[in-house]
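Asks: To be precise about what I am sending: the file is called work.txt and holds compact mmCIF, N, CA, C and O atoms.
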# COMPACT_ATOMS: atom_id res chain seq x y z
N MET A 1 31.21 29.77 -62.16
CA MET A 1 30.28 29.45 -61.09
C MET A 1 31.06 29.20 -59.80
O MET A 1 32.03 28.45 -59.78
N PHE A 2 30.64 29.80 -58.72
CA PHE A 2 31.33 29.71 -57.45
C PHE A 2 30.81 28.51 -56.67
O PHE A 2 29.62 28.39 -56.41
N MET A 3 31.70 27.60 -56.29
CA MET A 3 31.34 26.44 -55.48
C MET A 3 31.63 26.78 -54.02
O MET A 3 32.73 27.19 -53.69
N GLU A 4 30.63 26.60 -53.18
CA GLU A 4 30.80 26.89 -51.76
C GLU A 4 31.58 25.77 -51.09
O GLU A 4 31.46 24.61 -51.46
N ASN A 5 32.37 26.11 -50.11
CA ASN A 5 33.14 25.15 -49.34
C ASN A 5 32.17 24.16 -48.68
O ASN A 5 31.18 24.57 -48.08
N PRO A 6 32.42 22.85 -48.79
CA PRO A 6 31.50 21.86 -48.20
C PRO A 6 31.29 22.04 -46.71
O PRO A 6 30.19 21.81 -46.20
N ILE A 7 32.31 22.48 -45.99
CA ILE A 7 32.18 22.70 -44.55
C ILE A 7 31.22 23.86 -44.29
O ILE A 7 30.36 23.77 -43.40
N ASP A 8 31.35 24.94 -45.06
CA ASP A 8 30.45 26.07 -44.91
C ASP A 8 29.02 25.68 -45.24
O ASP A 8 28.08 26.08 -44.56
N GLN A 9 28.85 24.88 -46.30
CA GLN A 9 27.51 24.44 -46.70
C GLN A 9 26.90 23.54 -45.64
O GLN A 9 25.73 23.66 -45.32
N ALA A 10 27.70 22.67 -45.04
CA ALA A 10 27.20 21.76 -44.00
C ALA A 10 26.74 22.56 -42.79
O ALA A 10 25.68 22.27 -42.22
N SER A 11 27.50 23.57 -42.38
CA SER A 11 27.09 24.35 -41.22
C SER A 11 25.85 25.19 -41.54
O SER A 11 24.98 25.36 -40.68
N LYS A 12 25.74 25.66 -42.78
CA LYS A 12 24.53 26.40 -43.17
C LYS A 12 23.33 25.47 -43.15
O LYS A 12 22.25 25.85 -42.68
N ASN A 13 23.49 24.24 -43.63
CA ASN A 13 22.40 23.26 -43.60
C ASN A 13 21.95 23.01 -42.16
O ASN A 13 20.76 22.98 -41.87
N ARG A 14 22.91 22.84 -41.26
CA ARG A 14 22.58 22.58 -39.85
C ARG A 14 21.84 23.77 -39.23
O ARG A 14 20.89 23.59 -38.48
N MET A 15 22.28 24.97 -39.54
CA MET A 15 21.62 26.16 -39.00
C MET A 15 20.19 26.28 -39.54
O MET A 15 19.27 26.60 -38.79
N ASP A 16 20.01 26.01 -40.83
CA ASP A 16 18.68 26.08 -41.44
C ASP A 16 17.74 25.04 -40.83
O ASP A 16 16.60 25.35 -40.50
N ILE A 17 18.24 23.80 -40.67
CA ILE A 17 17.42 22.74 -40.07
C ILE A 17 17.07 23.12 -38.62
O ILE A 17 15.93 22.94 -38.18
N ALA A 18 18.04 23.63 -37.87
CA ALA A 18 17.80 24.01 -36.47
C ALA A 18 16.75 25.12 -36.38
O ALA A 18 15.89 25.09 -35.49
N SER A 19 16.80 26.07 -37.30
CA SER A 19 15.83 27.15 -37.30
C SER A 19 14.42 26.63 -37.59
O SER A 19 13.46 27.01 -36.91
N ILE A 20 14.31 25.76 -38.57
CA ILE A 20 13.01 25.18 -38.91
C ILE A 20 12.50 24.32 -37.75
O ILE A 20 11.31 24.37 -37.40
N LYS A 21 13.40 23.55 -37.14
CA LYS A 21 13.02 22.71 -36.01
C LYS A 21 12.51 23.56 -34.85
O LYS A 21 11.49 23.23 -34.23
N ARG A 22 13.17 24.65 -34.56
CA ARG A 22 12.74 25.55 -33.48
C ARG A 22 11.35 26.10 -33.77
O ARG A 22 10.47 26.09 -32.91
N ARG A 23 11.13 26.55 -35.01
CA ARG A 23 9.83 27.11 -35.38
C ARG A 23 8.73 26.05 -35.33
O ARG A 23 7.60 26.34 -34.93
N TYR A 24 9.07 24.81 -35.70
CA TYR A 24 8.11 23.71 -35.67
C TYR A 24 7.75 23.33 -34.23
O TYR A 24 6.58 23.19 -33.88
N ILE A 25 8.75 23.21 -33.37
CA ILE A 25 8.52 22.81 -31.98
C ILE A 25 7.73 23.88 -31.22
O ILE A 25 6.89 23.55 -30.38
N THR A 26 7.98 25.14 -31.50
CA THR A 26 7.27 26.21 -30.79
C THR A 26 5.87 26.44 -31.34
O THR A 26 5.12 27.23 -30.78
N GLY A 27 5.51 25.76 -32.43
CA GLY A 27 4.17 25.88 -32.99
C GLY A 27 4.01 27.02 -33.96
O GLY A 27 2.90 27.34 -34.39
N GLU A 28 5.10 27.66 -34.32
CA GLU A 28 5.05 28.79 -35.26
C GLU A 28 4.63 28.31 -36.66
O GLU A 28 3.95 29.03 -37.39
N ILE A 29 5.05 27.10 -37.02
CA ILE A 29 4.68 26.51 -38.30
C ILE A 29 4.15 25.10 -38.05
O ILE A 29 4.47 24.47 -37.04
N THR A 30 3.36 24.59 -39.00
CA THR A 30 2.80 23.24 -38.87
C THR A 30 3.81 22.21 -39.38
O THR A 30 4.83 22.56 -39.99
N ARG A 31 3.49 20.94 -39.15
CA ARG A 31 4.34 19.86 -39.62
C ARG A 31 4.49 19.90 -41.15
O ARG A 31 5.57 19.71 -41.68
N GLU A 32 3.38 20.13 -41.84
CA GLU A 32 3.41 20.17 -43.30
C GLU A 32 4.28 21.32 -43.81
O GLU A 32 5.04 21.15 -44.77
N GLU A 33 4.18 22.48 -43.16
CA GLU A 33 5.02 23.61 -43.55
C GLU A 33 6.49 23.31 -43.28
O GLU A 33 7.35 23.64 -44.10
N ALA A 34 6.77 22.66 -42.16
CA ALA A 34 8.15 22.29 -41.83
C ALA A 34 8.69 21.31 -42.87
O ALA A 34 9.85 21.41 -43.29
N LYS A 35 7.87 20.36 -43.29
CA LYS A 35 8.30 19.40 -44.32
C LYS A 35 8.65 20.10 -45.62
O LYS A 35 9.66 19.80 -46.24
N VAL A 36 7.80 21.03 -46.02
CA VAL A 36 8.03 21.77 -47.27
C VAL A 36 9.32 22.58 -47.18
O VAL A 36 10.12 22.61 -48.12
N LEU A 37 9.55 23.22 -46.03
CA LEU A 37 10.75 24.04 -45.86
C LEU A 37 12.03 23.21 -45.80
O LEU A 37 13.08 23.64 -46.28
N THR A 38 11.96 22.02 -45.19
CA THR A 38 13.17 21.20 -45.05
C THR A 38 13.49 20.38 -46.29
O THR A 38 14.62 19.93 -46.44
N GLN A 39 12.51 20.17 -47.17
CA GLN A 39 12.73 19.29 -48.32
C GLN A 39 13.94 19.67 -49.17
O GLN A 39 14.76 18.81 -49.50
N PRO A 40 14.11 20.94 -49.57
CA PRO A 40 15.30 21.29 -50.39
C PRO A 40 16.62 21.09 -49.63
O PRO A 40 17.63 20.70 -50.21
N ILE A 41 16.61 21.34 -48.32
CA ILE A 41 17.83 21.18 -47.52
C ILE A 41 18.19 19.71 -47.40
O ILE A 41 19.34 19.32 -47.59
N ILE A 42 17.18 18.88 -47.13
CA ILE A 42 17.41 17.44 -47.03
C ILE A 42 17.88 16.87 -48.36
O ILE A 42 18.79 16.04 -48.40
N ALA A 43 17.29 17.34 -49.46
CA ALA A 43 17.72 16.88 -50.79
C ALA A 43 19.18 17.23 -51.04
O ALA A 43 19.95 16.41 -51.56
N ARG A 44 19.59 18.44 -50.64
CA ARG A 44 20.98 18.88 -50.82
C ARG A 44 21.93 18.02 -49.97
O ARG A 44 22.98 17.59 -50.44
N ILE A 45 21.53 17.73 -48.73
CA ILE A 45 22.35 16.89 -47.84
C ILE A 45 22.48 15.49 -48.42
O ILE A 45 23.57 14.91 -48.45
N ASN A 46 21.37 14.94 -48.91
CA ASN A 46 21.39 13.58 -49.45
C ASN A 46 22.22 13.47 -50.73
O ASN A 46 22.89 12.47 -50.95
N ARG A 47 22.17 14.52 -51.57
CA ARG A 47 23.01 14.51 -52.78
C ARG A 47 24.49 14.50 -52.41
O ARG A 47 25.29 13.77 -53.00
N ALA A 48 24.85 15.30 -51.42
CA ALA A 48 26.24 15.35 -50.97
C ALA A 48 26.66 14.02 -50.36
O ALA A 48 27.78 13.54 -50.59
N THR A 49 25.76 13.41 -49.59
CA THR A 49 26.04 12.11 -48.97
C THR A 49 26.26 11.04 -50.03
O THR A 49 27.19 10.23 -49.93
N GLU A 50 25.41 11.05 -51.05
CA GLU A 50 25.53 10.06 -52.11
C GLU A 50 26.85 10.22 -52.87
O GLU A 50 27.55 9.24 -53.15
N ALA A 51 27.21 11.45 -53.18
CA ALA A 51 28.46 11.72 -53.89
C ALA A 51 29.67 11.28 -53.08
O ALA A 51 30.59 10.65 -53.60
N LYS A 52 29.67 11.60 -51.79
CA LYS A 52 30.80 11.24 -50.93
C LYS A 52 30.89 9.72 -50.76
O LYS A 52 32.00 9.16 -50.78
N THR A 53 29.74 9.04 -50.64
CA THR A 53 29.75 7.59 -50.51
C THR A 53 30.30 6.94 -51.76
O THR A 53 31.11 6.01 -51.68
N LYS A 54 29.90 7.44 -52.93
CA LYS A 54 30.42 6.90 -54.20
C LYS A 54 31.93 7.09 -54.28
O LYS A 54 32.66 6.20 -54.69
N GLU A 55 32.40 8.28 -53.87
CA GLU A 55 33.82 8.57 -53.89
C GLU A 55 34.60 7.61 -52.98
O GLU A 55 35.63 7.06 -53.37
N LEU A 56 34.10 7.41 -51.78
CA LEU A 56 34.78 6.52 -50.83
C LEU A 56 34.70 5.06 -51.27
O LEU A 56 35.66 4.30 -51.08
N ASN A 57 33.58 4.65 -51.86
CA ASN A 57 33.46 3.29 -52.38
C ASN A 57 34.49 3.03 -53.47
O ASN A 57 35.12 1.97 -53.51
N LYS A 58 34.66 4.01 -54.34
CA LYS A 58 35.64 3.87 -55.42
C LYS A 58 37.07 3.82 -54.86
O LYS A 58 37.88 3.00 -55.27
N LYS A 59 37.33 4.69 -53.89
CA LYS A 59 38.67 4.77 -53.32
C LYS A 59 39.06 3.49 -52.59
O LYS A 59 40.18 3.01 -52.71
N TYR A 60 38.11 2.92 -51.82
CA TYR A 60 38.43 1.76 -51.00
C TYR A 60 37.88 0.44 -51.55
O TYR A 60 38.04 -0.59 -50.91
N GLY A 61 37.24 0.48 -52.70
CA GLY A 61 36.74 -0.74 -53.32
C GLY A 61 35.63 -1.40 -52.53
O GLY A 61 35.47 -2.62 -52.58
N SER A 62 34.84 -0.62 -51.82
CA SER A 62 33.74 -1.20 -51.04
C SER A 62 32.42 -0.99 -51.78
O SER A 62 32.37 -0.35 -52.83
N HIS A 63 31.35 -1.52 -51.22
CA HIS A 63 30.03 -1.43 -51.86
C HIS A 63 28.98 -0.96 -50.86
O HIS A 63 27.86 -1.48 -50.84
N ARG A 64 29.33 0.01 -50.05
CA ARG A 64 28.39 0.51 -49.05
C ARG A 64 27.31 1.36 -49.71
O ARG A 64 27.55 2.05 -50.68
N LYS A 65 26.13 1.33 -49.13
CA LYS A 65 25.03 2.16 -49.60
C LYS A 65 25.02 3.44 -48.78
O LYS A 65 25.32 3.43 -47.58
N PRO A 66 24.66 4.56 -49.41
CA PRO A 66 24.61 5.81 -48.66
C PRO A 66 23.45 5.79 -47.66
O PRO A 66 22.41 5.19 -47.90
N VAL A 67 23.65 6.44 -46.54
CA VAL A 67 22.61 6.56 -45.51
C VAL A 67 22.01 7.95 -45.66
O VAL A 67 22.68 8.95 -45.46
N PHE A 68 20.73 7.98 -46.03
CA PHE A 68 20.07 9.24 -46.31
C PHE A 68 19.34 9.79 -45.09
O PHE A 68 18.89 9.06 -44.22
N LEU A 69 19.20 11.11 -45.06
CA LEU A 69 18.48 11.81 -44.01
C LEU A 69 17.03 11.98 -44.45
O LEU A 69 16.76 12.26 -45.63
N ASP A 70 16.08 11.83 -43.54
CA ASP A 70 14.68 12.10 -43.83
C ASP A 70 14.14 13.13 -42.84
O ASP A 70 14.84 13.55 -41.91
N PHE A 71 12.91 13.54 -43.06
CA PHE A 71 12.32 14.61 -42.25
C PHE A 71 12.28 14.26 -40.76
O PHE A 71 12.65 15.07 -39.91
N VAL A 72 11.83 13.05 -40.45
CA VAL A 72 11.69 12.65 -39.05
C VAL A 72 13.03 12.70 -38.34
O VAL A 72 13.14 13.25 -37.23
N ASN A 73 14.07 12.15 -38.95
CA ASN A 73 15.38 12.17 -38.33
C ASN A 73 15.97 13.58 -38.24
O ASN A 73 16.69 13.90 -37.30
N ALA A 74 15.66 14.42 -39.22
CA ALA A 74 16.15 15.80 -39.16
C ALA A 74 15.52 16.55 -37.99
O ALA A 74 16.18 17.35 -37.33
N MET A 75 14.25 16.28 -37.71
CA MET A 75 13.57 16.96 -36.62
C MET A 75 13.87 16.32 -35.26
O MET A 75 13.92 16.98 -34.25
N ARG A 76 14.10 15.02 -35.24
CA ARG A 76 14.31 14.30 -33.98
C ARG A 76 15.75 14.48 -33.48
O ARG A 76 15.98 14.69 -32.30
N ASN A 77 16.70 14.35 -34.38
CA ASN A 77 18.12 14.38 -34.00
C ASN A 77 18.76 15.68 -34.45
O ASN A 77 18.19 16.44 -35.20
N SER A 78 19.97 15.88 -34.01
CA SER A 78 20.72 17.02 -34.51
C SER A 78 21.76 16.50 -35.49
O SER A 78 22.90 16.91 -35.48
N TYR A 79 21.36 15.55 -36.31
CA TYR A 79 22.18 14.82 -37.28
C TYR A 79 23.56 15.35 -37.26
O TYR A 79 24.53 15.00 -37.64
Is it possible to express this structure as structure tokens?
Replies:
Amino acid sequence: MFMENPIDQASKNRMDIASIKRRYITGEITREEAKVLTQPIIARINRATEAKTKELNKKYGSHRKPVFLDFVNAMRNSY
């Protein structure tokens, strides 16, 4: 199984979110359609965030909680 480079995956996620955001802002798709389209991307981002936070917590002995991305923040910011 081929694992994609995390940097490549992150830039693909950003491009996908930007494309959905553009379509949503221009009225091409509704809010509900945008939510459905972004859900798998947000889930992938959040899984990666959780894994990286666990790794860093173990490495540095800290107990930080992962900060997850949601639909509103994905559409409002360029995370």
Asks: Between A:Arg64, A:Arg76, A:Arg14, A:Lys54, which residue has the minimum interatomic distance to Ile42 of chain A, considering only C-alpha atoms?
Replies: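 For Ile42 of chain A, the nearest of the given residues is A:Arg14.
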Asks: Work out how far atom C of Ala48 of chain A is from atom N of Pro6 of chain A, in Å to one decimal.
Replies: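 Here the two named atoms are 10.7 Å from each other.
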Asks: A:Ala51, A:Ala10, A:Ala34, A:Ile29: which is nearest Val72 of chain A, counting only C-alpha atoms?
Replies: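 So, comparing all the options, the nearest one is A:Ala34.
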Asks: Taking only N, CA, C and O atoms into account, name the residue in A:Ala18, A:Val67, A:Ala74, A:Leu37 that is nearest to Thr53 of chain A.
Replies: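 So, comparing all the options, the nearest one is A:Val67.
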Asks: If we count only C-alpha atoms, what is near Leu69 of chain A at a cut-off of 12 Å, once residues fewer than 4 positions away on the same chain are taken out, given as a list in words?
Replies: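 Returned residues: Ile17, Thr38, Gln39, Pro40, Ile41, Ile42, Ala43, Arg44, Ile45, Asn46, Arg47, Ala48, Thr49, Glu50, Asn73, Ala74, Met75, Arg76, Asn77, Ser78 and Tyr79 of chain A.
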Asks: Restricting it to N, CA, C and O atoms, dump the selection as a PDB file, keeping the file's coordinate frame.
Replies:
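Contents of the output file part.pdb:
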ATOM      1  N   ILE A  17      18.240  23.800 -40.670  1.00  0.00           N
ATOM      2  CA  ILE A  17      17.420  22.740 -40.070  1.00  0.00           C
ATOM      3  C   ILE A  17      17.070  23.120 -38.620  1.00  0.00           C
ATOM      4  O   ILE A  17      15.930  22.940 -38.180  1.00  0.00           O
ATOM      5  N   THR A  38      11.960  22.020 -45.190  1.00  0.00           N
ATOM      6  CA  THR A  38      13.170  21.200 -45.050  1.00  0.00           C
ATOM      7  C   THR A  38      13.490  20.380 -46.290  1.00  0.00           C
ATOM      8  O   THR A  38      14.620  19.930 -46.440  1.00  0.00           O
ATOM      9  N   GLN A  39      12.510  20.170 -47.170  1.00  0.00           N
ATOM     10  CA  GLN A  39      12.730  19.290 -48.320  1.00  0.00           C
ATOM     11  C   GLN A  39      13.940  19.670 -49.170  1.00  0.00           C
ATOM     12  O   GLN A  39      14.760  18.810 -49.500  1.00  0.00           O
ATOM     13  N   PRO A  40      14.110  20.940 -49.570  1.00  0.00           N
ATOM     14  CA  PRO A  40      15.300  21.290 -50.390  1.00  0.00           C
ATOM     15  C   PRO A  40      16.620  21.090 -49.630  1.00  0.00           C
ATOM     16  O   PRO A  40      17.630  20.700 -50.210  1.00  0.00           O
ATOM     17  N   ILE A  41      16.610  21.340 -48.320  1.00  0.00           N
ATOM     18  CA  ILE A  41      17.830  21.180 -47.520  1.00  0.00           C
ATOM     19  C   ILE A  41      18.190  19.710 -47.400  1.00  0.00           C
ATOM     20  O   ILE A  41      19.340  19.320 -47.590  1.00  0.00           O
ATOM     21  N   ILE A  42      17.180  18.880 -47.130  1.00  0.00           N
ATOM     22  CA  ILE A  42      17.410  17.440 -47.030  1.00  0.00           C
ATOM     23  C   ILE A  42      17.880  16.870 -48.360  1.00  0.00           C
ATOM     24  O   ILE A  42      18.790  16.040 -48.400  1.00  0.00           O
ATOM     25  N   ALA A  43      17.290  17.340 -49.460  1.00  0.00           N
ATOM     26  CA  ALA A  43      17.720  16.880 -50.790  1.00  0.00           C
ATOM     27  C   ALA A  43      19.180  17.230 -51.040  1.00  0.00           C
ATOM     28  O   ALA A  43      19.950  16.410 -51.560  1.00  0.00           O
ATOM     29  N   ARG A  44      19.590  18.440 -50.640  1.00  0.00           N
ATOM     30  CA  ARG A  44      20.980  18.880 -50.820  1.00  0.00           C
ATOM     31  C   ARG A  44      21.930  18.020 -49.970  1.00  0.00           C
ATOM     32  O   ARG A  44      22.980  17.590 -50.440  1.00  0.00           O
ATOM     33  N   ILE A  45      21.530  17.730 -48.730  1.00  0.00           N
ATOM     34  CA  ILE A  45      22.350  16.890 -47.840  1.00  0.00           C
ATOM     35  C   ILE A  45      22.480  15.490 -48.420  1.00  0.00           C
ATOM     36  O   ILE A  45      23.570  14.910 -48.450  1.00  0.00           O
ATOM     37  N   ASN A  46      21.370  14.940 -48.910  1.00  0.00           N
ATOM     38  CA  ASN A  46      21.390  13.580 -49.450  1.00  0.00           C
ATOM     39  C   ASN A  46      22.220  13.470 -50.730  1.00  0.00           C
ATOM     40  O   ASN A  46      22.890  12.470 -50.950  1.00  0.00           O
ATOM     41  N   ARG A  47      22.170  14.520 -51.570  1.00  0.00           N
ATOM     42  CA  ARG A  47      23.010  14.510 -52.780  1.00  0.00           C
ATOM     43  C   ARG A  47      24.490  14.500 -52.410  1.00  0.00           C
ATOM     44  O   ARG A  47      25.290  13.770 -53.000  1.00  0.00           O
ATOM     45  N   ALA A  48      24.850  15.300 -51.420  1.00  0.00           N
ATOM     46  CA  ALA A  48      26.240  15.350 -50.970  1.00  0.00           C
ATOM     47  C   ALA A  48      26.660  14.020 -50.360  1.00  0.00           C
ATOM     48  O   ALA A  48      27.780  13.540 -50.590  1.00  0.00           O
ATOM     49  N   THR A  49      25.760  13.410 -49.590  1.00  0.00           N
ATOM     50  CA  THR A  49      26.040  12.110 -48.970  1.00  0.00           C
ATOM     51  C   THR A  49      26.260  11.040 -50.030  1.00  0.00           C
ATOM     52  O   THR A  49      27.190  10.230 -49.930  1.00  0.00           O
ATOM     53  N   GLU A  50      25.410  11.050 -51.050  1.00  0.00           N
ATOM     54  CA  GLU A  50      25.530  10.060 -52.110  1.00  0.00           C
ATOM     55  C   GLU A  50      26.850  10.220 -52.870  1.00  0.00           C
ATOM     56  O   GLU A  50      27.550   9.240 -53.150  1.00  0.00           O
ATOM     57  N   ASN A  73      14.070  12.150 -38.950  1.00  0.00           N
ATOM     58  CA  ASN A  73      15.380  12.170 -38.330  1.00  0.00           C
ATOM     59  C   ASN A  73      15.970  13.580 -38.240  1.00  0.00           C
ATOM     60  O   ASN A  73      16.690  13.900 -37.300  1.00  0.00           O
ATOM     61  N   ALA A  74      15.660  14.420 -39.220  1.00  0.00           N
ATOM     62  CA  ALA A  74      16.150  15.800 -39.160  1.00  0.00           C
ATOM     63  C   ALA A  74      15.520  16.550 -37.990  1.00  0.00           C
ATOM     64  O   ALA A  74      16.180  17.350 -37.330  1.00  0.00           O
ATOM     65  N   MET A  75      14.250  16.280 -37.710  1.00  0.00           N
ATOM     66  CA  MET A  75      13.570  16.960 -36.620  1.00  0.00           C
ATOM     67  C   MET A  75      13.870  16.320 -35.260  1.00  0.00           C
ATOM     68  O   MET A  75      13.920  16.980 -34.250  1.00  0.00           O
ATOM     69  N   ARG A  76      14.100  15.020 -35.240  1.00  0.00           N
ATOM     70  CA  ARG A  76      14.310  14.300 -33.980  1.00  0.00           C
ATOM     71  C   ARG A  76      15.750  14.480 -33.480  1.00  0.00           C
ATOM     72  O   ARG A  76      15.980  14.690 -32.300  1.00  0.00           O
ATOM     73  N   ASN A  77      16.700  14.350 -34.380  1.00  0.00           N
ATOM     74  CA  ASN A  77      18.120  14.380 -34.000  1.00  0.00           C
ATOM     75  C   ASN A  77      18.760  15.680 -34.450  1.00  0.00           C
ATOM     76  O   ASN A  77      18.190  16.440 -35.200  1.00  0.00           O
ATOM     77  N   SER A  78      19.970  15.880 -34.010  1.00  0.00           N
ATOM     78  CA  SER A  78      20.720  17.020 -34.510  1.00  0.00           C
ATOM     79  C   SER A  78      21.760  16.500 -35.490  1.00  0.00           C
ATOM     80  O   SER A  78      22.900  16.910 -35.480  1.00  0.00           O
ATOM     81  N   TYR A  79      21.360  15.550 -36.310  1.00  0.00           N
ATOM     82  CA  TYR A  79      22.180  14.820 -37.280  1.00  0.00           C
ATOM     83  C   TYR A  79      23.560  15.350 -37.260  1.00  0.00           C
ATOM     84  O   TYR A  79      24.530  15.000 -37.640  1.00  0.00           O
TER      85      TYR A  79
END
Asks: What is the atom CA of Lys65 of chain A-atom CA of Lys52 of chain A distance in Å, reported with one decimal?
Replies: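 Taking atom CA of Lys65 of chain A and atom CA of Lys52 of chain A, their separation equals 10.8 Å.
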Asks: Any idea what the distance is between atom O of Gln9 of chain A and atom CA of Phe68 of chain A?
Replies: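 Atom-to-atom, atom O of Gln9 of chain A to atom CA of Phe68 of chain A, that is 15.5 Å.
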Asks: I'd like to know which residues of chain A are alpha helix (DSSP H) (by DSSP, run on the backbone); could you write them as a PyMOL selection string?
Replies: chain A and resi 6-25+31-60+71-76
Asks: Which is closer to Glu33 of chain A than all the others in A:Asn13, A:Lys21, A:Asp8, A:Asp70, using only C-alpha atoms?
Replies: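 Looking only at the distances to Glu33 of chain A, the closest residue turns out to be A:Lys21.
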Asks: My structure is short of atoms at segment 26-33 of chain A; please model all heavy atoms there, returning them as a PDB file, keeping the file's coordinate frame.
Replies:
ATOM      1  N   THR A  26       7.980  25.140 -31.500  1.00  0.00           N
ATOM      2  CA  THR A  26       7.270  26.210 -30.790  1.00  0.00           C
ATOM      3  C   THR A  26       5.870  26.440 -31.340  1.00  0.00           C
ATOM      4  O   THR A  26       5.120  27.230 -30.780  1.00  0.00           O
ATOM      5  CB  THR A  26       8.057  27.532 -30.852  1.00  0.00           C
ATOM      6  OG1 THR A  26       8.237  27.907 -32.225  1.00  0.00           O
ATOM      7  CG2 THR A  26       9.388  27.411 -30.150  1.00  0.00           C
ATOM      8  N   GLY A  27       5.510  25.760 -32.430  1.00  0.00           N
ATOM      9  CA  GLY A  27       4.170  25.880 -32.990  1.00  0.00           C
ATOM     10  C   GLY A  27       4.010  27.020 -33.960  1.00  0.00           C
ATOM     11  O   GLY A  27       2.900  27.340 -34.390  1.00  0.00           O
ATOM     12  N   GLU A  28       5.100  27.660 -34.320  1.00  0.00           N
ATOM     13  CA  GLU A  28       5.050  28.790 -35.260  1.00  0.00           C
ATOM     14  C   GLU A  28       4.630  28.310 -36.660  1.00  0.00           C
ATOM     15  O   GLU A  28       3.950  29.030 -37.390  1.00  0.00           O
ATOM     16  CB  GLU A  28       6.418  29.451 -35.296  1.00  0.00           C
ATOM     17  CG  GLU A  28       6.484  30.734 -36.065  1.00  0.00           C
ATOM     18  CD  GLU A  28       7.874  31.357 -36.014  1.00  0.00           C
ATOM     19  OE1 GLU A  28       8.556  31.222 -34.974  1.00  0.00           O
ATOM     20  OE2 GLU A  28       8.272  31.956 -37.012  1.00  0.00           O
ATOM     21  N   ILE A  29       5.050  27.100 -37.020  1.00  0.00           N
ATOM     22  CA  ILE A  29       4.680  26.510 -38.300  1.00  0.00           C
ATOM     23  C   ILE A  29       4.150  25.100 -38.050  1.00  0.00           C
ATOM     24  O   ILE A  29       4.470  24.470 -37.040  1.00  0.00           O
ATOM     25  CB  ILE A  29       5.864  26.466 -39.301  1.00  0.00           C
ATOM     26  CG1 ILE A  29       7.040  25.666 -38.734  1.00  0.00           C
ATOM     27  CG2 ILE A  29       6.279  27.861 -39.707  1.00  0.00           C
ATOM     28  CD1 ILE A  29       8.200  25.512 -39.703  1.00  0.00           C
ATOM     29  N   THR A  30       3.360  24.590 -39.000  1.00  0.00           N
ATOM     30  CA  THR A  30       2.800  23.240 -38.870  1.00  0.00           C
ATOM     31  C   THR A  30       3.810  22.210 -39.380  1.00  0.00           C
ATOM     32  O   THR A  30       4.830  22.560 -39.990  1.00  0.00           O
ATOM     33  CB  THR A  30       1.507  23.097 -39.689  1.00  0.00           C
ATOM     34  OG1 THR A  30       1.814  23.241 -41.070  1.00  0.00           O
ATOM     35  CG2 THR A  30       0.462  24.121 -39.266  1.00  0.00           C
ATOM     36  N   ARG A  31       3.490  20.940 -39.150  1.00  0.00           N
ATOM     37  CA  ARG A  31       4.340  19.860 -39.620  1.00  0.00           C
ATOM     38  C   ARG A  31       4.490  19.900 -41.150  1.00  0.00           C
ATOM     39  O   ARG A  31       5.570  19.710 -41.680  1.00  0.00           O
ATOM     40  CB  ARG A  31       3.756  18.516 -39.175  1.00  0.00           C
ATOM     41  CG  ARG A  31       4.554  17.329 -39.631  1.00  0.00           C
ATOM     42  CD  ARG A  31       3.885  16.034 -39.192  1.00  0.00           C
ATOM     43  NE  ARG A  31       4.558  14.881 -39.730  1.00  0.00           N
ATOM     44  CZ  ARG A  31       5.536  14.224 -39.129  1.00  0.00           C
ATOM     45  NH1 ARG A  31       5.956  14.626 -37.949  1.00  0.00           N
ATOM     46  NH2 ARG A  31       6.086  13.173 -39.703  1.00  0.00           N
ATOM     47  N   GLU A  32       3.380  20.130 -41.840  1.00  0.00           N
ATOM     48  CA  GLU A  32       3.410  20.170 -43.300  1.00  0.00           C
ATOM     49  C   GLU A  32       4.280  21.320 -43.810  1.00  0.00           C
ATOM     50  O   GLU A  32       5.040  21.150 -44.770  1.00  0.00           O
ATOM     51  CB  GLU A  32       1.989  20.286 -43.867  1.00  0.00           C
ATOM     52  CG  GLU A  32       1.151  19.043 -43.705  1.00  0.00           C
ATOM     53  CD  GLU A  32       0.656  18.826 -42.275  1.00  0.00           C
ATOM     54  OE1 GLU A  32       0.511  19.816 -41.507  1.00  0.00           O
ATOM     55  OE2 GLU A  32       0.450  17.659 -41.900  1.00  0.00           O
ATOM     56  N   GLU A  33       4.180  22.480 -43.160  1.00  0.00           N
ATOM     57  CA  GLU A  33       5.020  23.610 -43.550  1.00  0.00           C
ATOM     58  C   GLU A  33       6.490  23.310 -43.280  1.00  0.00           C
ATOM     59  O   GLU A  33       7.350  23.640 -44.100  1.00  0.00           O
ATOM     60  CB  GLU A  33       4.609  24.867 -42.780  1.00  0.00           C
ATOM     61  CG  GLU A  33       3.256  25.418 -43.174  1.00  0.00           C
ATOM     62  CD  GLU A  33       2.771  26.515 -42.254  1.00  0.00           C
ATOM     63  OE1 GLU A  33       3.068  26.467 -41.040  1.00  0.00           O
ATOM     64  OE2 GLU A  33       2.084  27.423 -42.744  1.00  0.00           O
TER      65      GLU A  33
END
